[in-house]
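Engineer: Next up is a structure, given as structure tokens.
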Amino acid sequence: MGGYRRELPTERWKRSSSRSAAALLRGRGDTRPVKTEQLPALTAVRFVLALWVILHHLTGAAAAPGLLPHPVYALIRGGYLAVTTFFVLSGFVLAGSYGAQEWNSERLRRYAAGRFARIYPVYALSLVLVAPFVIADRTPGKSAYLAAYGLLLQGWTGHLPVGWNTPAWSLSCEVFFYACFPLAVAMLRRVNPAALAVVACVLTRALFLVGVRDEWKPLVHLADFVMGIAASGMYLRLRGRMAGHWLYIPSAALGVALIVWPQVLPSGLDLNTALRPLNAALLVGLALGAPALSAPWAVYLGKSSYAMYILHVPVLWWVRRWWPHMPAGVYVTLVILISAAVYRYFEEPANRYLRGARPRRASPAQISYSTASP
């Protein structure tokens with residue numbers, strides 16, 4: 001690495017974004033966004049998380065746990081927990097992109113347009129795919145459910161069993177986080193990331209104590225989003241000082257152990273709260289560098305994972321109608337292929353059109369993928 005040589009893109013980013021670190025930690029300075037190409041593992045891990053959710057949905061209550069070893073079955077059934085990782089990731093990448101930005105009306109307009117362009121086109125496509133089943137549904141109160149779905153408010157209602165596209169409840173959380181973010185980051189940018197992480201660890205319990213109800217999912221999961229903002233600040237402090245595997249390997253291993261054997265947790269500590277700091281450590285480690293998740297094909301799968309997540313239930317509706325006994329492996333492969341095509345030929349063009357932008361490289365704000373959940 002010594003001597004004269006052409007500067008690598010990652011080195012240019014590390015040098016040029018040093019002022020961004022100061023901006024986030026001190027509240028001033030460079031507002032330029034971090035390029036996702038320099039944090040490929042954060043994009044690729046989205047595919048892993050989306051796949052985990054799909055596998056969870058393929059092993060419902062009717063599945064026979066005896067067919068798989070207990071640790072494997074328990075880990076798959078824990079796939080719903082991927083949603084919290086997505087929420088932490090959302091806070092991480094939004095803070096990395098906009099953490100030092102000074103807001104005005106024009107920037108708020110562009111920010112809102114970008115957030116809408118990011119999530120709604122593929123979500124609208126998912127509603128089109130399930131429309132025939134919605135029309136045939138005779139669920140009492142369907143009109144209210146339809147309004148909640150269309151306005152992305154279903155995460156506030158507690159009616160998750162209405163399963164036209166149940167995982168989409170998490171998008172209502174993302175919309176709430178997006179709305180809160182400009183004010184939240186302006187208030188929190190001067191807070192020490194470690195202190196903010198501690199706040200995130202206790203925030204949900206504090207909200208419950210003041211009367212927040214469990215069915216108000218955006219408020220329940222606000223702590224995960226705040227943890228992501230804290231993780232972004234911690235990443236800026238650790239960048240260049242340690243290798244990522246010192247964080248992502250132990251945090252992933254401990255997280256898996258807790259999911260498989262949650263009984264080891266002390267009384268009063270729920271699994272989601274226990275996993276929150278581990279999710280932060282995992283994402284910081286991946287951002288610091290994870291070669292196994294940095295291959296171009298892995299990054300592309302990560303980019304298509306939002307479509308994979310939000311379309312896998314609508315695809316399942318049609319699979320059950322036309323091929324009810326489709327092997328699980330065929331179904332998963334079909335979802336991956338459909339999602340890759342949707343990303344290239346629909347999601348990205350729609351995103352650019354709604355932003356009114358020319359084709360360009362993605363920024364971290366564009367990877368704030370919202371999630372997946374049962």
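Residue numbering restarts at 1 for every chain of the structure tokens, chains are lettered A, B, ... in their displayed order, and ligands are numbered from 1 as they appear.
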Could you give me, as a count of residues only, each residue of stretch 71-217 of chain A that DSSP assigns to helix (DSSP H, G or I) when run on this structure's backbone?

Structural biologist: 113

Engineer: Neighbours of A:Trp297 within 12 Å (only C-alpha atoms; same-chain residues fewer than 6 positions away dropped), as a CSV table (one decimal) with N, CA and C atoms, in the first residue's frame?

Structural biologist:
chain,number,residue,atom,x,y,z
A,40,PRO,N,-20.9,-1.4,0.9
A,40,PRO,CA,-21.7,-2.4,0.2
A,40,PRO,C,-22.3,-3.4,1.1
A,41,ALA,N,-21.7,-3.8,2.2
A,41,ALA,CA,-22.2,-4.8,3.1
A,41,ALA,C,-23.6,-4.4,3.7
A,43,THR,N,-25.8,-2.7,2.1
A,43,THR,CA,-26.8,-3.0,1.1
A,43,THR,C,-27.1,-4.5,1.0
A,44,ALA,N,-26.0,-5.3,1.0
A,44,ALA,CA,-26.2,-6.7,0.8
A,44,ALA,C,-26.9,-7.4,1.9
A,47,PHE,N,-30.6,-8.3,1.8
A,47,PHE,CA,-31.1,-9.5,1.2
A,47,PHE,C,-31.2,-10.6,2.2
A,303,LYS,N,-30.0,-4.6,-3.2
A,303,LYS,CA,-30.8,-3.5,-3.8
A,303,LYS,C,-32.2,-4.0,-4.2
A,304,SER,N,-32.4,-5.2,-4.6
A,304,SER,CA,-33.7,-5.7,-5.0
A,304,SER,C,-34.5,-6.3,-3.8
A,340,ALA,N,-35.7,-9.1,-8.5
A,340,ALA,CA,-34.6,-8.6,-9.2
A,340,ALA,C,-35.1,-7.8,-10.5

Engineer: Set the distance at 12 Å and use only C-alpha atoms: which residues neighbour A:Val134 once local chain neighbours fewer than 6 positions away are removed? I'd like the list as a ChimeraX atom specification.

Structural biologist: /A:126-128,142-143,145-146,149,162-165,314,317

Engineer: Counting only C-alpha atoms, which residue out of A:Gly79, A:Pro140, A:Gly233, A:Gly244 sits closest to A:Pro167?

Structural biologist: A:Gly79

Engineer: Residues within 12 Å of stretch 261-267 of chain A, please, as a compact mmCIF listing (two decimals) with C-alpha atoms, in the first residue's frame. Count only C-alpha atoms; anything in the same chain fewer than 4 positions from it doesn't count.

Structural biologist:
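Saved file selection.txt follows:
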# COMPACT_ATOMS: atom_id res chain seq x y z
CA HIS A 70 -34.25 -27.05 17.23
CA PRO A 71 -31.62 -24.31 16.73
CA VAL A 72 -32.34 -24.12 13.00
CA TYR A 73 -36.11 -24.13 13.46
CA ALA A 74 -35.96 -21.54 16.26
CA LEU A 75 -33.73 -19.28 14.18
CA GLY A 78 -37.26 -15.74 14.67
CA LEU A 254 -24.72 -13.55 20.36
CA GLY A 255 -27.88 -12.46 18.57
CA VAL A 256 -28.41 -15.94 17.12
CA ALA A 257 -27.87 -17.48 20.55
CA LEU A 271 -35.85 -10.13 23.18
CA ASN A 272 -36.24 -7.06 21.00
CA THR A 273 -34.66 -4.81 23.61
CA ALA A 274 -31.81 -7.26 24.11
CA LEU A 275 -31.15 -7.40 20.37

Engineer: Which residues, written as JSON, numbers by chain, have at least one atom at most 7 Å from A:Pro121, with only C-alpha atoms counted and residues fewer than 3 positions away on the same chain left out?

Structural biologist: {"A": [117, 124, 125, 347, 350]}

Engineer: Show which residues sit within 7 Å of stretch 197-208 of chain A, as an MDAnalysis selection string. Count only C-alpha atoms, and ignore same-chain residues fewer than 3 positions away.

Structural biologist: chainID A and resid 193:194 211:213 220 223:224 226:227 230 273 276
